[in-house]
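Have a look at start14.txt; it's compact mmCIF, C-alpha atoms:
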# COMPACT_ATOMS: atom_id res chain seq x y z
CA MET A 1 -12.02 51.66 26.46
CA LYS A 2 -8.43 51.23 27.64
CA LEU A 3 -9.40 52.10 31.21
CA ARG A 4 -12.34 49.66 31.10
CA ASN A 5 -10.10 46.86 29.84
CA THR A 6 -7.58 47.59 32.59
CA LEU A 7 -10.24 47.52 35.31
CA THR A 8 -11.66 44.29 33.89
CA ALA A 9 -8.24 42.66 34.02
CA LEU A 10 -7.71 43.82 37.62
CA ALA A 11 -11.12 42.50 38.65
CA PHE A 12 -10.32 39.13 37.06
CA LEU A 13 -6.98 38.98 38.87
CA THR A 14 -8.68 39.79 42.19
CA LEU A 15 -11.31 37.09 41.68
CA CYS A 16 -8.61 34.54 40.90
CA ILE A 17 -6.79 35.39 44.11
CA VAL A 18 -9.96 35.35 46.24
CA ASN A 19 -11.35 32.13 44.74
CA ALA A 20 -8.05 30.32 45.19
CA GLN A 21 -8.65 30.26 48.99
CA GLU A 22 -5.14 29.05 49.58
CA THR A 23 -3.03 29.83 52.62
CA THR A 24 0.21 31.60 51.75
CA GLU A 25 3.44 31.80 53.70
CA THR A 26 4.03 35.34 52.44
CA LYS A 27 4.18 37.80 55.35
CA PHE A 28 2.40 41.14 55.41
CA GLY A 29 4.36 43.72 53.45
CA LYS A 30 6.29 41.07 51.49
CA GLY A 31 3.89 40.86 48.54
CA ILE A 32 0.54 39.21 47.83
CA LEU A 33 1.97 36.51 45.59
CA ASN A 34 5.52 35.19 45.45
CA VAL A 35 6.17 32.49 42.86
CA VAL A 36 9.36 30.70 41.81
CA ALA A 37 9.41 28.28 38.86
CA LYS A 38 10.05 24.63 39.68
CA ASP A 39 13.22 24.69 37.58
CA SER A 40 14.24 28.06 39.10
CA SER A 41 14.20 29.70 35.66
CA TRP A 42 12.05 32.65 36.74
CA SER A 43 10.30 34.26 39.69
CA MET A 44 7.61 36.88 40.27
CA LYS A 45 6.45 38.82 43.30
CA PHE A 46 3.18 40.73 43.03
CA ALA A 47 2.34 43.51 45.49
CA THR A 48 -0.06 46.40 45.78
CA ARG A 49 -0.18 49.57 47.84
CA MET A 50 -2.53 52.47 48.53
CA GLN A 51 -2.34 55.91 50.10
CA PHE A 52 -5.44 57.84 51.20
CA LEU A 53 -4.88 61.56 51.76
CA SER A 54 -6.86 64.38 53.34
CA THR A 55 -5.62 67.96 52.90
CA THR A 56 -6.89 71.22 54.35
CA GLY A 57 -5.25 74.47 53.27
CA TRP A 58 -5.61 78.16 54.04
CA ASP A 59 -4.35 81.11 52.01
CA ILE A 60 -2.97 83.87 54.22
CA ASN A 61 -3.45 87.47 53.11
CA ASP A 62 -2.14 90.33 55.28
CA GLY A 63 -2.09 87.98 58.25
CA ASP A 64 -5.70 86.86 57.79
CA PHE A 65 -6.65 83.25 57.09
CA GLY A 66 -8.91 82.74 54.10
CA LYS A 67 -11.65 80.16 53.80
CA PRO A 68 -10.17 76.65 54.15
CA GLU A 69 -10.12 74.33 51.16
CA THR A 70 -10.42 70.62 51.93
CA ASN A 71 -9.63 67.75 49.61
CA PHE A 72 -9.89 63.95 49.97
CA LEU A 73 -8.31 61.66 47.43
CA VAL A 74 -6.63 58.36 46.72
CA ARG A 75 -3.13 59.83 46.48
CA ARG A 76 -1.52 56.67 45.16
CA ALA A 77 -2.82 53.24 44.13
CA ARG A 78 -0.19 51.02 42.55
CA LEU A 79 0.60 47.50 41.40
CA LYS A 80 4.16 46.17 41.54
CA PHE A 81 5.75 43.15 39.89
CA ASN A 82 9.37 42.12 40.24
CA GLY A 83 11.57 39.05 40.13
CA PHE A 84 14.14 37.42 37.87
CA ALA A 85 14.05 35.82 34.43
CA TYR A 86 16.29 32.99 33.22
CA SER A 87 18.92 33.77 35.87
CA PRO A 88 18.97 35.54 39.27
CA LYS A 89 21.46 37.91 37.64
CA LEU A 90 18.73 39.20 35.30
CA LYS A 91 16.07 40.97 37.36
CA TYR A 92 13.05 43.03 36.33
CA LYS A 93 10.59 45.47 37.85
CA ILE A 94 7.21 46.71 36.64
CA GLU A 95 5.19 49.30 38.57
CA LEU A 96 1.82 50.62 37.42
CA GLY A 97 -0.01 53.64 38.80
CA LEU A 98 -3.82 53.71 38.85
CA SER A 99 -4.71 56.88 40.79
CA ASN A 100 -5.59 60.07 38.93
CA ARG A 101 -2.41 61.72 40.18
CA ASP A 102 -0.34 58.80 38.88
CA ILE A 103 -1.80 58.69 35.36
CA SER A 104 -2.36 62.42 34.77
CA GLY A 105 -0.43 64.27 32.08
CA ALA A 106 -1.88 62.69 28.95
CA SER A 107 -1.02 64.76 25.87
CA GLU A 108 -0.01 64.51 22.24
CA PHE A 109 3.46 63.58 23.53
CA THR A 110 2.07 60.47 25.28
CA ASN A 111 -0.21 59.55 22.38
CA ASN A 112 -3.05 61.14 24.39
CA ALA A 113 -3.01 58.06 26.63
CA PRO A 114 -2.96 57.86 30.46
CA ARG A 115 0.52 57.38 31.89
CA TYR A 116 -0.03 54.07 33.67
CA ILE A 117 3.59 52.90 33.53
CA LEU A 118 5.87 54.17 36.29
CA ASP A 119 8.67 51.59 36.03
CA ALA A 120 9.41 48.98 33.38
CA VAL A 121 13.08 48.09 33.72
CA ILE A 122 15.44 45.12 33.54
CA LYS A 123 18.62 44.88 35.64
CA TRP A 124 21.47 42.69 34.41
CA ASN A 125 24.37 41.94 36.74
CA PHE A 126 26.66 41.05 33.83
CA TYR A 127 30.06 41.15 35.57
CA LYS A 128 31.10 41.19 39.23
CA ASN A 129 29.93 44.51 40.75
CA PHE A 130 28.64 45.93 37.44
CA THR A 131 24.90 46.03 36.73
CA LEU A 132 23.24 47.39 33.58
CA TRP A 133 19.71 48.78 33.81
CA ALA A 134 17.57 49.30 30.69
CA GLY A 135 14.05 50.69 30.40
CA GLN A 136 11.99 53.32 32.20
CA THR A 137 12.76 54.03 35.84
CA LYS A 138 13.94 56.76 38.22
CA LEU A 139 17.11 58.57 37.27
CA PRO A 140 19.84 58.74 39.94
CA GLY A 141 18.87 62.22 41.10
CA ASN A 142 18.29 63.66 44.57
CA VAL A 143 17.94 61.08 47.34
CA GLU A 144 14.47 62.27 48.34
CA ARG A 145 13.11 61.49 44.86
CA VAL A 146 14.68 58.04 44.68
CA ILE A 147 13.16 57.10 48.07
CA SER A 148 9.90 55.34 47.30
CA SER A 149 6.72 57.25 48.11
CA ALA A 150 5.87 54.19 50.23
CA ASN A 151 8.83 54.86 52.52
CA LEU A 152 8.66 58.61 53.16
CA GLN A 153 9.20 60.12 56.60
CA LEU A 154 6.58 62.82 56.11
CA VAL A 155 3.28 62.76 54.20
CA ASP A 156 4.93 63.71 50.92
CA ARG A 157 8.18 64.99 49.45
CA SER A 158 9.43 68.56 49.80
CA ARG A 159 9.03 71.57 47.53
CA LEU A 160 12.69 71.16 46.51
CA ASN A 161 11.76 67.83 45.02
CA SER A 162 8.61 69.04 43.27
CA ARG A 163 10.43 71.91 41.51
CA PHE A 164 13.92 70.49 40.87
CA ASN A 165 13.81 66.68 40.65
CA ILE A 166 14.63 64.79 37.42
CA ASP A 167 12.18 61.95 38.11
CA ARG A 168 11.88 59.05 35.64
CA ASP A 169 13.01 58.65 32.03
CA VAL A 170 13.69 55.99 29.41
CA GLY A 171 17.29 54.90 28.83
CA ILE A 172 20.14 52.88 30.27
CA GLN A 173 22.05 53.04 33.55
CA LEU A 174 25.39 51.49 34.47
CA ARG A 175 25.82 50.87 38.20
CA HIS A 176 28.94 49.79 40.07
CA HIS A 177 30.19 49.63 43.65
CA PHE A 178 33.46 48.91 45.42
CA LYS A 179 35.01 49.15 48.89
CA LEU A 180 37.87 51.42 49.95
CA SER A 181 38.18 49.49 53.22
CA ASP A 182 36.27 46.84 55.16
CA LYS A 183 33.42 49.30 55.73
CA PHE A 184 33.90 52.26 53.37
CA LEU A 185 31.58 51.67 50.41
CA VAL A 186 31.53 53.68 47.16
CA ARG A 187 28.67 53.46 44.65
CA GLU A 188 28.63 55.02 41.17
CA VAL A 189 25.86 55.40 38.58
CA LEU A 190 26.03 56.64 34.98
CA ALA A 191 22.83 57.12 32.98
CA ILE A 192 21.91 58.09 29.42
CA SER A 193 18.23 58.83 28.82
CA GLN A 194 15.84 60.43 26.35
CA GLY A 195 15.56 63.66 28.32
CA GLU A 196 11.79 64.28 28.29
CA GLY A 197 10.41 62.22 31.16
CA ARG A 198 8.30 59.08 31.36
CA ASN A 199 5.84 57.56 28.87
CA ILE A 200 6.82 59.84 25.98
CA THR A 201 5.87 58.34 22.61
CA THR A 202 6.86 61.14 20.22
CA GLY A 203 10.56 60.27 20.24
CA ASN A 204 13.45 62.49 21.18
CA LEU A 205 12.65 66.14 20.40
CA GLY A 206 15.85 67.71 21.73
CA GLY A 207 19.11 66.08 22.68
CA HIS A 208 19.78 63.39 25.27
CA GLN A 209 20.20 63.52 29.02
CA TYR A 210 23.38 62.42 30.82
CA THR A 211 23.42 61.78 34.57
CA GLY A 212 26.21 60.73 36.95
CA ARG A 213 26.01 60.09 40.68
CA VAL A 214 28.57 59.09 43.32
CA GLU A 215 27.67 57.91 46.82
CA LEU A 216 30.10 57.56 49.74
CA LEU A 217 29.21 55.38 52.74
CA PRO A 218 32.20 55.65 55.11
CA PHE A 219 30.61 53.54 57.87
CA GLY A 220 29.23 50.82 55.61
CA LYS A 221 25.76 49.88 54.45
CA PHE A 222 22.58 50.94 56.22
CA LYS A 223 20.33 48.17 57.50
CA SER A 224 17.65 47.09 55.01
CA LYS A 225 18.70 49.79 52.52
CA GLY A 226 17.85 52.43 55.10
CA ASP A 227 19.72 55.15 53.20
CA TYR A 228 16.76 55.09 50.81
CA LYS A 229 14.00 54.90 53.43
CA GLY A 230 12.62 57.68 55.59
CA GLY A 231 13.28 57.61 59.34
CA ASP A 232 15.50 55.24 61.30
CA LEU A 233 13.03 52.38 61.70
CA LYS A 234 15.87 49.85 62.07
CA ARG A 235 17.51 51.88 64.87
CA GLU A 236 21.09 51.77 63.60
CA GLN A 237 23.29 50.76 66.54
CA THR A 238 26.34 52.40 64.98
CA PRO A 239 26.34 55.72 63.09
CA LYS A 240 25.59 55.39 59.37
CA LEU A 241 26.23 58.12 56.81
CA MET A 242 25.78 58.58 53.07
CA LEU A 243 27.27 61.58 51.24
CA ALA A 244 26.35 61.90 47.57
CA ALA A 245 26.45 64.20 44.55
CA THR A 246 24.67 64.09 41.19
CA TYR A 247 25.49 65.96 37.99
CA ASP A 248 22.85 66.01 35.24
CA PHE A 249 23.24 67.52 31.76
CA ASN A 250 20.25 67.68 29.41
CA ALA A 251 21.47 68.65 25.92
CA ASP A 252 19.09 70.79 23.86
CA ALA A 253 16.32 70.34 26.44
CA VAL A 254 12.81 71.31 25.32
CA LYS A 255 11.11 71.41 28.74
CA ASP A 256 11.33 74.24 31.27
CA ARG A 257 12.48 71.97 34.12
CA SER A 258 14.99 69.81 32.23
CA ASN A 259 13.04 66.59 31.55
CA GLN A 260 10.09 67.81 33.65
CA GLY A 261 7.64 70.69 33.43
CA SER A 262 6.12 72.15 30.26
CA TYR A 263 7.33 71.98 26.69
CA MET A 264 8.78 75.25 25.41
CA GLU A 265 7.04 75.51 22.06
CA THR A 266 7.63 78.12 19.38
CA SER A 267 5.77 78.97 16.16
CA THR A 268 8.18 76.74 14.23
CA GLY A 269 8.81 73.90 16.69
CA PHE A 270 10.51 73.83 20.10
CA TYR A 271 12.95 76.07 21.91
CA GLU A 272 16.11 74.16 22.84
CA THR A 273 18.77 74.98 25.42
CA ASN A 274 21.30 73.04 27.50
CA ILE A 275 20.15 72.59 31.10
CA THR A 276 22.41 71.51 33.97
CA THR A 277 21.15 70.25 37.33
CA VAL A 278 23.34 69.52 40.36
CA PHE A 279 22.32 67.74 43.57
CA VAL A 280 24.32 67.34 46.78
CA ASP A 281 22.75 65.35 49.59
CA ALA A 282 23.46 63.54 52.85
CA VAL A 283 21.69 60.94 54.98
CA PHE A 284 22.60 60.14 58.59
CA LYS A 285 21.01 57.67 61.03
CA TYR A 286 21.79 56.55 64.55
CA LYS A 287 19.62 54.96 67.27
CA GLY A 288 16.30 56.33 66.05
CA PHE A 289 17.60 59.73 64.98
CA SER A 290 17.65 60.52 61.27
CA PHE A 291 18.78 63.47 59.18
CA MET A 292 18.54 64.21 55.47
CA GLY A 293 19.95 67.30 53.77
CA GLU A 294 19.67 68.26 50.09
CA PHE A 295 20.92 71.05 47.85
CA ALA A 296 19.70 71.47 44.26
CA ASP A 297 20.82 73.91 41.56
CA ARG A 298 19.56 74.29 37.99
CA GLU A 299 21.18 76.42 35.28
CA ALA A 300 20.55 76.91 31.56
CA ASP A 301 22.66 78.30 28.73
CA GLU A 302 19.77 80.58 27.72
CA ALA A 303 16.89 80.54 30.20
CA ILE A 304 14.46 82.77 28.28
CA ALA A 305 12.76 80.93 25.41
CA VAL A 306 12.58 82.95 22.19
CA GLU A 307 11.31 82.65 18.62
CA GLU A 308 13.75 82.54 15.70
CA ASP A 309 13.63 86.36 15.48
CA GLY A 310 14.51 86.71 19.18
CA THR A 311 10.99 87.49 20.43
CA PRO A 312 10.33 85.92 23.87
CA THR A 313 7.70 83.18 23.81
CA GLY A 314 6.83 83.63 27.50
CA ASP A 315 8.42 80.35 28.56
CA ILE A 316 11.36 80.50 30.99
CA VAL A 317 13.58 77.69 32.24
CA GLN A 318 13.04 77.40 35.99
CA VAL A 319 16.63 78.17 36.98
CA GLY A 320 17.63 78.66 40.60
CA ASN A 321 18.51 76.65 43.68
CA ALA A 322 16.92 75.08 46.73
CA ILE A 323 17.81 73.67 50.13
CA ASN A 324 15.92 71.01 52.06
CA LEU A 325 16.79 69.99 55.65
CA GLN A 326 14.87 67.25 57.41
CA ALA A 327 15.31 65.44 60.73
CA GLY A 328 13.29 63.15 62.95
CA TYR A 329 13.37 60.89 65.98
CA LEU A 330 11.63 57.53 66.30
CA PHE A 331 10.53 56.66 69.82
CA LYS A 332 10.55 53.09 71.06
CA ASN A 333 6.74 52.92 70.83
CA ASN A 334 7.06 53.51 67.04
CA TRP A 335 5.79 57.08 67.13
CA GLU A 336 8.01 59.51 65.24
CA VAL A 337 8.29 63.29 65.26
CA ALA A 338 9.96 64.94 62.25
CA GLY A 339 10.61 68.46 61.03
CA ARG A 340 11.55 69.94 57.67
CA TYR A 341 12.76 73.29 56.36
CA THR A 342 12.72 74.02 52.61
CA ASN A 343 14.01 77.10 50.79
CA LEU A 344 13.34 77.82 47.08
CA ASN A 345 15.40 80.62 45.56
CA PHE A 346 14.80 81.11 41.83
CA ASP A 347 16.97 83.39 39.69
CA ALA A 348 15.74 86.92 38.95
CA VAL A 349 14.91 86.01 35.35
CA VAL A 350 12.22 83.61 36.62
CA ASP A 351 10.53 86.42 38.59
CA ARG A 352 9.29 84.24 41.44
CA ALA A 353 9.27 85.09 45.12
CA LEU A 354 11.69 83.52 47.57
CA GLU A 355 9.72 80.69 49.12
CA GLU A 356 10.29 79.08 52.51
CA GLN A 357 8.31 76.26 54.05
CA TYR A 358 8.36 74.87 57.59
CA THR A 359 6.81 71.44 58.21
CA LEU A 360 6.20 69.49 61.41
CA GLY A 361 5.03 65.89 61.17
CA ILE A 362 3.95 63.01 63.40
CA SER A 363 3.86 59.39 62.25
CA ARG A 364 2.64 56.15 63.81
CA TYR A 365 4.27 53.06 62.32
CA ILE A 366 1.99 50.07 62.93
CA ALA A 367 3.96 47.67 60.72
CA GLY A 368 6.86 49.83 59.63
CA HIS A 369 6.31 51.67 56.35
CA ASN A 370 3.90 48.94 55.24
CA LEU A 371 1.12 50.11 57.54
CA LYS A 372 1.28 53.62 58.97
CA VAL A 373 -0.64 56.82 59.66
CA GLN A 374 1.07 60.15 59.06
CA SER A 375 0.08 63.78 59.54
CA ASP A 376 1.87 67.09 59.17
CA ILE A 377 1.33 70.83 59.22
CA SER A 378 3.16 73.28 56.94
CA TYR A 379 3.62 77.03 57.07
CA THR A 380 4.75 78.78 53.86
CA THR A 381 6.14 82.26 53.30
CA GLN A 382 6.97 84.22 50.14
CA ASP A 383 9.60 86.96 50.38
CA GLY A 384 9.23 86.74 54.14
CA ASP A 385 5.45 87.29 54.17
CA ALA A 386 2.99 84.62 55.30
CA SER A 387 1.49 82.84 52.30
CA GLY A 388 -0.22 79.62 53.32
CA PHE A 389 -0.93 77.08 56.03
CA ALA A 390 -1.81 73.43 55.42
CA TYR A 391 -2.71 70.30 57.39
CA ARG A 392 -2.47 66.80 55.92
CA LEU A 393 -3.46 63.35 57.17
CA GLN A 394 -2.54 60.18 55.29
CA PHE A 395 -3.05 56.44 55.71
CA ASP A 396 -0.71 53.96 53.97
CA ILE A 397 -1.11 50.23 53.44
CA HIS A 398 1.37 48.17 51.41
CA PHE A 399 0.91 44.45 50.91
Encoded form (structure tokens):
Amino acid sequence: MKLRNTLTALAFLTLCIVNAQETTETKFGKGILNVVAKDSSWSMKFATRMQFLSTTGWDINDGDFGKPETNFLVRRARLKFNGFAYSPKLKYKIELGLSNRDISGASEFTNNAPRYILDAVIKWNFYKNFTLWAGQTKLPGNVERVISSANLQLVDRSRLNSRFNIDRDVGIQLRHHFKLSDKFLVREVLAISQGEGRNITTGNLGGHQYTGRVELLPFGKFKSKGDYKGGDLKREQTPKLMLAATYDFNADAVKDRSNQGSYMETSTGFYETNITTVFVDAVFKYKGFSFMGEFADREADEAIAVEEDGTPTGDIVQVGNAINLQAGYLFKNNWEVAGRYTNLNFDAVVDRALEEQYTLGISRYIAGHNLKVQSDISYTTQDGDASGFAYRLQFDIHF
């Protein structure tokens, strides 16, 4: 019923837009609808985006390729609303996900409802360079996760991100920035969140999550926020660099990947342990060349989940570390070649093989990140032995 109502509302909105038959001055990639109140008391920009993905993968056993598995899907289909309310200093953002991958994960902890809401956050610039965020949005974790999936350099994010990121949560964030010199910019973020991820309705089961991030930009700002966009599409004419570090502490966490992963349930409730995650990353761009490097490390006070009598439940916190190195070059005809190396090294207690992945990608930017075709091939090893080979092709369109 909820899904039917949502689709009905979307159909009505589409019909309203089509039947209006009005010419808009909004450019492609700048939103479908951009409205400002006559008295300038509010504004709203509405945009949509889609990603269509084809994947073909082969398992490799003793050097032999197995039968390929092919999959076609709508990887992402999203609606975005943002603007200001009452004052330009009070901004908001709402992002809804409609694809199966976006809304999956319904459980008793989400009231058995699809997880439509990605972002629902207000941003209040209450004093000079201080801004307070409140609501559900991305935590200030590794740079690759904070980069929008619409602006990625390769088809999708790395294995470091999928196993170590801290994603979205509900809470507050205090953001500030200042300059050490005419160009040297410093940005800081402090966040307090629930600690169990997005769209949780059961309340806080463990403790809370505390996140701090510092970013150093010695050569000044990137063009068009390029430090949080894949590739050097703006062709920085002077070197630009961001060095950053994040420290995240999840007190009495009840999931095996901090605020992500599976709940660690026991016969009497939930297993709780303190989990610490550290990220160190760097972004560099200059005249079409781009580089991104990330290091992630996760530790737990007690990684093995146990019952009250000390019997292991079978759940284990996914402790370990990972490295991700990525670079690319954008040619003047807007073709880009990029490569990525990812290393996942879990602690012995997790009992998982050392995983390495090598990825080579080619992208054609027709209208920047708003309209592009991307493809990549990946080769994966486990403990040095060939494990898998995959080819992906993706089409993006963002209004």
Checklist entry - Need the neighbours of (4.8, 59.4, 58.9): which residues are at most 8 Å away, counting all atoms listed in the file, as a list in words? => result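 Residues satisfying the cut-off, written out: Leu152, Gln153, Leu154, Val155, Glu336, Gly361, Ile362, Ser363, Arg364, Tyr365, Lys372, Val373, Gln374 and Ser375 of chain A.
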Tell me, as a PDB file with C-alpha atoms, keeping the file's coordinate frame, which residues lie within 8 Å of Met50 in chain A, counting all atoms listed in the file; anything in the same chain fewer than 6 positions away does not count.
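Result file is part27.pdb:
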ATOM      1  CA  VAL A  74      -6.630  58.360  46.720  1.00  0.00           C
ATOM      2  CA  ARG A  75      -3.130  59.830  46.480  1.00  0.00           C
ATOM      3  CA  ARG A  76      -1.520  56.670  45.160  1.00  0.00           C
ATOM      4  CA  ALA A  77      -2.820  53.240  44.130  1.00  0.00           C
ATOM      5  CA  ARG A  78      -0.190  51.020  42.550  1.00  0.00           C
ATOM      6  CA  ASP A 396      -0.710  53.960  53.970  1.00  0.00           C
ATOM      7  CA  ILE A 397      -1.110  50.230  53.440  1.00  0.00           C
ATOM      8  CA  HIS A 398       1.370  48.170  51.410  1.00  0.00           C
TER       9      HIS A 398
END
Next on the checklist: Give me, as a list of chain:residue names, all polymer residues having an atom no more than 8 Å from Lys287 in chain A, counting all atoms listed in the file and skipping those fewer than 2 positions away in the same chain.
Outcome noted: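 Non-adjacent residues within range: A:Asp232, A:Arg235, A:Glu236, A:Gln237, A:Thr238, A:Pro239, A:Lys285, A:Phe289.
For the residues A:Thr266, A:Thr137, A:Thr211, A:Thr55, ranking by smallest atom-to-atom distance to Ala245 in chain A using all atoms listed in the file places A:Thr211 first.
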Can I get the residues of range 212-270 of chain A within 7 Å of range 188-206 of chain A, each with the closest pair of atoms and their distance in Å to one decimal, using all atoms listed in the file, sorted chain first then ascending number, as CSV?
residue,atom,partner,partner_atom,distance
A:Gly212,CA,A:Leu190,CA,4.5
A:Arg213,CA,A:Val189,CA,5.1
A:Val214,CA,A:Glu188,CA,4.6
A:Glu215,CA,A:Glu188,CA,6.4
A:Asn250,CA,A:Gly195,CA,6.3
A:Asp252,CA,A:Gly206,CA,5.0
A:Ala253,CA,A:Gly206,CA,5.4
A:Val254,CA,A:Gly206,CA,5.9
A:Asn259,CA,A:Glu196,CA,4.2
A:Gln260,CA,A:Gly197,CA,6.1
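Among the candidate residues A:Phe291, A:Phe65, A:Tyr263, A:Phe222, the one lying nearest to Ala386 in chain A is A:Phe65, with distances computed using only C-alpha atoms.
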Item to check | Selection near range 345-353 of chain A, 10 Å with all atoms listed in the file, sequence-local residues under 6 positions removed, as an MDAnalysis selection string | outcome: chainID A and resid 160 297:299 303:304 315:323 381:384
Would you place a box with edges along x, y and z of the file around all atoms of range 277-287 of chain A listed there, add 8 Å to each of its six sides, and report the centre and edge lengths in Å to one decimal, as JSON?
{"center_x": 22.0, "center_y": 62.6, "center_z": 52.3, "size_x": 20.7, "size_y": 31.3, "size_z": 45.9}
Item to check | Contacts of Ser148 in chain A within 12 Å, all atoms listed in the file, excl. fewer than 3 positions in-chain, as a list in words | outcome: Arg49, Arg76, Arg78, Glu95, Leu118, Asp119, Thr137, Lys138, Val143, Glu144, Arg145, Asn151, Leu152, Gln153, Asp156, Arg157, Asp167, Lys225, Gly226, Asp227, Tyr228, Lys229, Gly230, His369, Asn370 and His398 of chain A
Item to check | d(CA of Tyr86 in chain A, CA of His176 in chain A) in Å | outcome: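 Rounded to one decimal, the two atoms are 22.1 Å apart.
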Checklist entry - Residues at most 12 Å from Ala106 in chain A, counting all atoms listed in the file, excluding those fewer than 2 positions away in the same chain, as an MDAnalysis selection string? => result chainID A and resid 100:104 108:116 198:201
Checklist entry - Which one is closest to Glu272 in chain A: A:Gly207, A:Pro218, A:Thr246, A:Leu371? Count only C-alpha atoms. => result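 Using only C-alpha atoms, the shortest distance to Glu272 in chain A belongs to A:Gly207.
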Checklist entry - For the atom pair CA of Ser99 in chain A and CA of Ala367 in chain A, what is the interatomic distance in Å to one decimal place? => result 23.6 Å
All heavy atoms are what I want for range 168-173 of chain A; can you complete it accordingly and write them as a PDB file, in the frame of the given file?
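Contents of part15.pdb, as written:
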ATOM      1  N   ARG A 168      11.674  60.246  36.455  1.00  0.00           N
ATOM      2  CA  ARG A 168      11.880  59.050  35.640  1.00  0.00           C
ATOM      3  C   ARG A 168      12.138  59.426  34.174  1.00  0.00           C
ATOM      4  O   ARG A 168      11.712  60.466  33.703  1.00  0.00           O
ATOM      5  CB  ARG A 168      10.652  58.132  35.700  1.00  0.00           C
ATOM      6  CG  ARG A 168      10.422  57.466  37.052  1.00  0.00           C
ATOM      7  CD  ARG A 168       9.102  56.704  37.038  1.00  0.00           C
ATOM      8  NE  ARG A 168       8.988  55.786  38.156  1.00  0.00           N
ATOM      9  CZ  ARG A 168       8.466  56.099  39.338  1.00  0.00           C
ATOM     10  NH1 ARG A 168       8.032  57.342  39.564  1.00  0.00           N
ATOM     11  NH2 ARG A 168       8.382  55.205  40.296  1.00  0.00           N
ATOM     12  N   ASP A 169      12.793  58.482  33.469  1.00  0.00           N
ATOM     13  CA  ASP A 169      13.010  58.650  32.030  1.00  0.00           C
ATOM     14  C   ASP A 169      13.331  57.284  31.446  1.00  0.00           C
ATOM     15  O   ASP A 169      13.562  56.313  32.173  1.00  0.00           O
ATOM     16  CB  ASP A 169      14.138  59.646  31.759  1.00  0.00           C
ATOM     17  CG  ASP A 169      13.900  60.450  30.489  1.00  0.00           C
ATOM     18  OD1 ASP A 169      13.382  59.861  29.517  1.00  0.00           O
ATOM     19  OD2 ASP A 169      14.223  61.653  30.465  1.00  0.00           O
ATOM     20  N   VAL A 170      13.370  57.226  30.120  1.00  0.00           N
ATOM     21  CA  VAL A 170      13.690  55.990  29.410  1.00  0.00           C
ATOM     22  C   VAL A 170      15.138  56.022  28.966  1.00  0.00           C
ATOM     23  O   VAL A 170      15.600  57.014  28.382  1.00  0.00           O
ATOM     24  CB  VAL A 170      12.776  55.800  28.188  1.00  0.00           C
ATOM     25  CG1 VAL A 170      13.147  54.517  27.440  1.00  0.00           C
ATOM     26  CG2 VAL A 170      11.315  55.751  28.618  1.00  0.00           C
ATOM     27  N   GLY A 171      15.894  54.942  29.243  1.00  0.00           N
ATOM     28  CA  GLY A 171      17.290  54.900  28.830  1.00  0.00           C
ATOM     29  C   GLY A 171      18.016  53.743  29.467  1.00  0.00           C
ATOM     30  O   GLY A 171      17.421  52.713  29.812  1.00  0.00           O
ATOM     31  N   ILE A 172      19.314  53.917  29.654  1.00  0.00           N
ATOM     32  CA  ILE A 172      20.140  52.880  30.270  1.00  0.00           C
ATOM     33  C   ILE A 172      20.920  53.486  31.432  1.00  0.00           C
ATOM     34  O   ILE A 172      21.217  54.682  31.439  1.00  0.00           O
ATOM     35  CB  ILE A 172      21.124  52.242  29.262  1.00  0.00           C
ATOM     36  CG1 ILE A 172      22.049  53.303  28.650  1.00  0.00           C
ATOM     37  CG2 ILE A 172      20.365  51.499  28.165  1.00  0.00           C
ATOM     38  CD1 ILE A 172      23.139  52.719  27.776  1.00  0.00           C
ATOM     39  N   GLN A 173      21.245  52.624  32.410  1.00  0.00           N
ATOM     40  CA  GLN A 173      22.050  53.040  33.550  1.00  0.00           C
ATOM     41  C   GLN A 173      23.097  51.969  33.834  1.00  0.00           C
ATOM     42  O   GLN A 173      22.783  50.778  33.814  1.00  0.00           O
ATOM     43  CB  GLN A 173      21.184  53.240  34.802  1.00  0.00           C
ATOM     44  CG  GLN A 173      20.120  54.316  34.674  1.00  0.00           C
ATOM     45  CD  GLN A 173      19.346  54.521  35.965  1.00  0.00           C
ATOM     46  OE1 GLN A 173      19.820  54.187  37.062  1.00  0.00           O
ATOM     47  NE2 GLN A 173      18.144  55.081  35.853  1.00  0.00           N
TER      48      GLN A 173
END
